[in-house]
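Below is one structure, written out as C-alpha cells; comments come after it.
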Amino acid sequence: MKKASPRAASTAKKAPASFPVIEVSHLSKTYGKRTTAFKALDNINLKIFPGESVAIIGKSGSGKSTLMHLMALLDKPTSGTVKVLGINASKLKGKKLNRLRNKYFGFVFQQFFMNSNDTVLENVLLPLKIGKVSRFKRKKLALKALDIVDLENKAKNKATNLSGGQKQRVCIARAIVNNPKILFADEPTGNLDSGTGKKIIDLLFGLNQKGTTLIIVTHDEDLAALCDRQIRIVDGQVVNESKQKAGYIRRTAIKEGQKEDR
Amino acid sequence: MKLTDIITAANRNLLKNKVRSFLTILAIFVGSFTIILNSAINAGVNDYIDSQINAMGGEGYLEMTPTATMDMMESMMSSKVSEYSDEKKDASQSISFKSEDFEKIKKIDGVKSVYPIYLSQEDYVTSPYTDKKYEISLNGTVEGFELDMETGEMPNVSKDNTKFEVAITKKYVTLLGFKDNEDAVGKTIQFGVPSTAKCYTVAKRSDCQTVVEATITGVQADGILTIGGGARANAALLNEIHRINSIGMPAENADVAYQATAFVDPDKIDQIKEELKKMNITAMTIDDEIGTFRTFLDAMVAILNVFGGIALLAAAIGIINTLFMSVQERTREIGLMKALGMSRAKIFLSFSVEAISLGFWGSIFGMLVSMTIGYAGNTFLHSEGMFLENLPTFHFVKFTPEVILPIIVLVMAIAFVAGTAPALKAAKKDPIDALRYE
Ligand SMILES: Nc1ncnc2c1ncn2[C@@H]1O[C@H](COP(=O)(O)OP(=O)(O)OP(=O)(O)O)[C@@H](O)[C@H]1O
Ligand SMILES: [Mg+2]
C-alpha cells in the first residue's frame with residue numbers, strides 16, 4: 001500500500017481534469033498612480049494543479065515576484081482574480097486567510113526576511129509558534145527542518161551572523177517546517193554554489209515527490225527545466241508555457257532512488 | 001500565537017532596546033512610586049485614625065452636649081460683644097440634661113444605648129511604689145470601646161462588675177513606680193477623690209479627700225486621642241468617685257449630667273443628630289471632632305496624587321513614543337509574521353502586551369522602591385526624638401494588596417490605552433508593504 005500511494009499521486013497530477021489549487025484569471029497589477037503608474041503584470045491567466053512543480057521564469061524586473069506574491073495572497077491585484085482551492089481570494093479574510101498562510105503555504109522570500117536579532121532556531125520555528133504548536137514539538141520540528149538543510153549545528157547562532165547561502169537555507173527550513181501543501185520559493189538557489197544549490201533542489205523536489213505543490217520563481221533555466229511546467233514572463237505578460245521532459249526524467253530518477261532505499 | 005509566547009516575545013523585545021525601555025519604565029516608575037507611596041501613607045494614617053475611633057467606641061459613638069453649653073462656650077471664645085436677649089438667657093439655663101431627656105433620646109430610632117456622664121472629679125493618683133502624687137484625668141469606658149491596649153486588658157465594663165478597674169496610659173507606668181507594663185498590670189493604685197461640698201468647710205484639702213483603690217487591668221498604647229488624656233475607668237469606679245464627690249450635696253444638685261454619650265446605628269447618625277438638634281442637644285461623633293484633620297489629609301493626598309497623575313501622563317506619552325518607534329523598526333518583522341499567518345488581533349495584542357509590560361515593570365519598581373522608602377521612613381519616624389516615638393501602633397505607611405494592586409492595575413490600564421494607537425498601526429500593516437520596507 002505504501003508503495004502504491006506516490007504512484008497514485010503522480011497519476012492524479014498528469015490528469016489535467018483534476019481541480020486546480022490555484023487559478024489565476026485576467027490578473028493585472030499596476031504599481032503607483034497616474035504619472036508614475038507602472039503595469040507590472042498584464043492579463044495573466046494560469047492554473048496550477050495539485051502536486052505539480054511549476055517554474056516561473058523571466059528576466060529581472062519582469063514581474064515574477066509580483067505574480068508569486070499575488071498567488072500567495074500576500075498582495076491584492078489591481079484587477080482580475082486569484083482562486084485558491086476554488087475560493088476567490090477576495091473572499092478569503094481573517095481567520096481563514098491566516099490559517100491558509102500558516103498551515104498550507106510555505107514561503108521562501110527573495111530577500112530572506114529573517115529576524116536578524118533572533119537565533120536561527122527562533123526564525124525557523126516562527127510559523128509553528130504563530131500556529132500555536134507546543135514549545136517542545138515546535139523545537140523538535142524546527143531542528144528536524146534545520147537538519148534537512150544541513151544547518152542543525154547553527155541552530156543557536158544569531159541569524160545576522162550567517163553567510164548568504166546559509167541564510168537562504170534557513171529560509172528554506174522555515175518554509176518547510178510546517179509541512180506545507182503549496183511551497184512558494186522565490187529564487188531559492190540564487191545565493192548558492194552549485195553543490196549546495198543541488199542539495200536544495202533535491203530537497204525541494206523530494207517534497208514535491210511527497211505531494212507538495214511547488215511554485216519556483218527563478219531566472220535559472222537549468223532549475224526551471226527540472227519542473228513539470230515553465231511559465232515564461234516578459235514585461236508582465238505570459239509569453240509561452242511549455243512542458244519539458246527533463247522534469248519528468250528527474251522525477252523518475254528520484255523515484256528510482258527511493259525504491260532502492262526500501 | 002499563544003498568550004505565553006506573546007508575553008515572552010514582548011518582554012524580549014523590550015530587552016532588545018534596553019536603554020529605551022529603561023527610560024520609559026523610569027518615567028512610569030516615577031508616577032507609580034508617587035501614587036503608591038501616597039496611597040500607602042493615606043491608608044496608614046486613616047487606618048490609625050479608624051483604630052483610634054474604634055478605641056473610642058467606633059462610628060456609632062455619639063457625644064452629646066446641650067446646645068446651650070456649646071453656645072456659651074462659643075460666646076466665651078468670641079471677641080464680639082453679643083446683644084442681650086431674655087430668650088437667650090433662658091435657654092442658657094438648660095446647660096444640663098433633664099432626666100426625661102434620656103427617655104426621649106432612647107426612643108429615637110437607631111439609638112441603642114444612652115449613658116449620662118455625671119460629674120466625677122479626682123484630685124490625684126498615686127501608688128505604693130512612689131511617694132509622689134500626680135494629677136490625672138479619668139475618663140469612662142463603656143461597652144463598644146476597643147481601647148488600643150499595649151499590655152493587659154480593658155477594664156471589665158459589664159454592669160455586674162463591682163470591682164474598681166482602670167487602664168492607665170503608658171506615661172503613668174514609670175511615674176507610678178512600675179518597672180514596665182507587665183509589672184503594672186494587676187497592681188493596685190490609689191485615687192484621691194474630693195467630696196466637693198465638704199472641701200468648702202475644711203482647712204486642708206486632704207481633709208475632704210477619700211482614697212479609692214483600683215486595680216490596673218492593662219496599659220494603653222499612647223495614641224493621638226490618649227496624649228493629653230489619662231486613664232480609662234469602668235463604670236463601677238466612676239460611680240464610686242461620683243458618689244464621693246456628691247457627699248453633702250442635695251440630690252437634685254448631685255445627679256446632674258452635663259454630658260452624655262450614646263451608641264447608635266452608624267447608618268442613622270444624620271437623622272439622629274437632626275432629632276437631637278430639635279431637643280437642643282448637640283451631638284458629635286469622634287469623626288466630627290477630628291474631621292478637620294481628615295479634610296487636611298484628604299487634600300494633601302489629592303494634591304500628591306495630582307503630581308503622580310501628571311507624571312503618569314508624561315509616562316503615557318513616553319509609552320506611545322516608544323511603541324511607535326518599535327512599530328517602525330519592526331515593520332519587516334510584522335510583515336513577516338502576517339505573511340506567516342499571524343492575525344491582526346494577535347499583532348495588536350503583541351504590541352499591547354509590550355505596552356502593558358512597560359506599565360507592569362514601572363509600577364512593580366515603583367512599588368518596591370516606595371515600600372523600601374516607606375518602611376524605612378516609618379522606622380525613622382519612630383526612632384528616638386522623632387514625632388512618632390510615643391505612638392508605637394501608628395504605622396505611618398500601610399502597604400497591603402488592597403492599596404497596591406488597584407494602582408498597578410490602573411498603571412497597566414493606562415499603559416494599555418497609550419499603546420493602542422501604535423498597536424493599531426502595527427495591526428493594520430499590509431504584509432507586502434511591510435516586506436518591501438527597507
Ligand atoms: N512597490 C512597487 N512600487 C512600484 N513598482 C514596483 C513595486 N514593486 C515592484 N515594482 C516594479 O514592478 C516590476 C516587477 O517587479 P518584480 O519584483 O515582480 O520583478 P522580478 O521579476 O521579481 O525581478 P527580479 O528577478 O529582479 O526579482 C519591476 O519593474 C519593479 O520595479
Ligand atoms: Mg523578484
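Chain labels run A, B, ... following the order of the C-alpha cells; each chain numbers its residues from 1, and ligands are numbered from 1 in the order shown.
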Inset, instruction - Please write out the residues within 7 Å of ligand 1 as a ChimeraX atom specification, counting only C-alpha atoms and all ligand atoms. - result: /A:31-32,38,40,58-67,219
Take the selection from the previous step and output its residues with C-alpha atoms, as an mmCIF file, in the first residue's frame.
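And here's out09.cif as it stands now:
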data_model
loop_
_atom_site.group_PDB
_atom_site.id
_atom_site.type_symbol
_atom_site.label_atom_id
_atom_site.label_comp_id
_atom_site.auth_asym_id
_atom_site.auth_seq_id
_atom_site.Cartn_x
_atom_site.Cartn_y
_atom_site.Cartn_z
ATOM 1 C CA TYR A 31 2.108 49.949 -9.158
ATOM 2 C CA GLY A 32 1.906 53.669 -8.431
ATOM 3 C CA PHE A 38 3.673 51.011 -13.898
ATOM 4 C CA ALA A 40 3.936 45.067 -13.554
ATOM 5 C CA GLY A 58 11.839 35.666 -16.788
ATOM 6 C CA LYS A 59 14.316 38.485 -16.681
ATOM 7 C CA SER A 60 14.868 40.706 -13.707
ATOM 8 C CA GLY A 61 12.002 43.124 -13.309
ATOM 9 C CA SER A 62 9.644 41.100 -15.495
ATOM 10 C CA GLY A 63 7.125 40.663 -12.658
ATOM 11 C CA LYS A 64 7.892 37.172 -11.307
ATOM 12 C CA SER A 65 7.938 38.111 -7.643
ATOM 13 C CA THR A 66 4.837 40.230 -8.103
ATOM 14 C CA LEU A 67 2.992 37.253 -9.569
ATOM 15 C CA HIS A 219 15.876 33.015 -13.753
#
Inset, instruction - Mind the document's chain letters and residue numbers, and return as a list of chain:residue names the residues of range 42-107 of chain A that DSSP labels strand (DSSP E or B). - result: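 Here is the list: A:Asp42, A:Asn43, A:Ile44, A:Asn45, A:Leu46, A:Lys47, A:Ile48, A:Ser53, A:Val54, A:Ala55, A:Ile56, A:Ile57, A:Gly58, A:Ser79, A:Gly80, A:Thr81, A:Val82, A:Lys83, A:Val84, A:Ile87, A:Asn88, A:Phe105, A:Gly106, A:Phe107.
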Legend entry - Nearby residues (only C-alpha atoms) at most 8 Å from Glu354 in chain B, same-chain spacing under 2 positions excluded, as a VMD selection string: chain B and resid 7 10 to 11 13 to 14 350 to 352 356 to 358
Give me the residues within 8 Å of Leu143 in chain A as an mmCIF file with N, CA and C atoms, in the first residue's frame, counting only C-alpha atoms and dropping any in the same chain fewer than 5 places off.
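File written: part-v1.cif
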data_model
loop_
_atom_site.group_PDB
_atom_site.id
_atom_site.type_symbol
_atom_site.label_atom_id
_atom_site.label_comp_id
_atom_site.auth_asym_id
_atom_site.auth_seq_id
_atom_site.Cartn_x
_atom_site.Cartn_y
_atom_site.Cartn_z
ATOM 1 N N LEU A 121 17.230 29.087 15.134
ATOM 2 C CA LEU A 121 16.136 28.220 15.572
ATOM 3 C C LEU A 121 14.832 29.008 15.718
ATOM 4 N N GLU A 152 21.892 22.173 11.334
ATOM 5 C CA GLU A 152 21.493 21.901 12.712
ATOM 6 C C GLU A 152 22.510 22.495 13.700
ATOM 7 N N ALA A 155 21.901 26.163 14.879
ATOM 8 C CA ALA A 155 20.589 26.486 15.467
ATOM 9 C C ALA A 155 20.657 27.621 16.482
#
Legend entry - Leu128 in chain A surroundings by only C-alpha atoms, 12 Å radius, close-in-sequence under 6 positions cut, as a PyMOL selection string: (chain A and resi 99+101-103+106+121-122+134-142+145+174-180) or (chain B and resi 1-2+5+337+340-342)
Legend entry - Shell of 10 Å around Gln328 in chain B, only C-alpha atoms, local chain residues under 6 positions omitted, as a list in words: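 After dropping sequence-adjacent residues, the list is Thr322, Ile334, Pro422, Lys425, Ala426, Ala434 and Tyr437 of chain B.
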Legend entry - One-decimal distance in Å that lies between CA of Asn98 in chain A and CA of Leu207 in chain A: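 That distance, rounded to one decimal, is 22.8 Å.
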Legend entry - Selection: 8 Å around Ile286 in chain B, only C-alpha atoms, excl. self and same-chain fewer than 4 positions, as a ChimeraX atom specification: /B:53,56,58-59,61-63,290
Inset, instruction - Report the residues of range 5-249 of chain A whose backbone DSSP state falls under alpha helix (DSSP H), written as number ranges by chain. - result: A: 5-14, 64-71, 94-99, 120-130, 135-148, 164-176, 194-209, 221-225, 245-249
Legend entry - Within 7 Å of chain B: residues of chain A, using only C-alpha atoms, as a list in words: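 Selected residues: Leu74, Asp75, Gly94, Asn98, Arg99, Arg101, Asn102, Phe113, Asn115, Pro127, Lys129, Ile130, Gly131 and Lys132 of chain A.
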Legend entry - Interatomic distance, CA of Leu147 in chain B to CA of Ala55 in chain B (Å, one decimal): 4.1 Å
Inset, instruction - Mind giving me the straight-line distance from CA of Asn153 in chain A to CA of Asp186 in chain A in Å, one decimal? - result: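 These two atoms are separated by 25.4 Å.
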Inset, instruction - Can you work out which one of A:Lys181, A:Ile56, A:Gln166, A:Asn123 has the shortest atom-to-atom distance to ligand 2, counting only C-alpha atoms and all ligand atoms? - result: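 Distance minimum relative to ligand 2 lands on A:Ile56.
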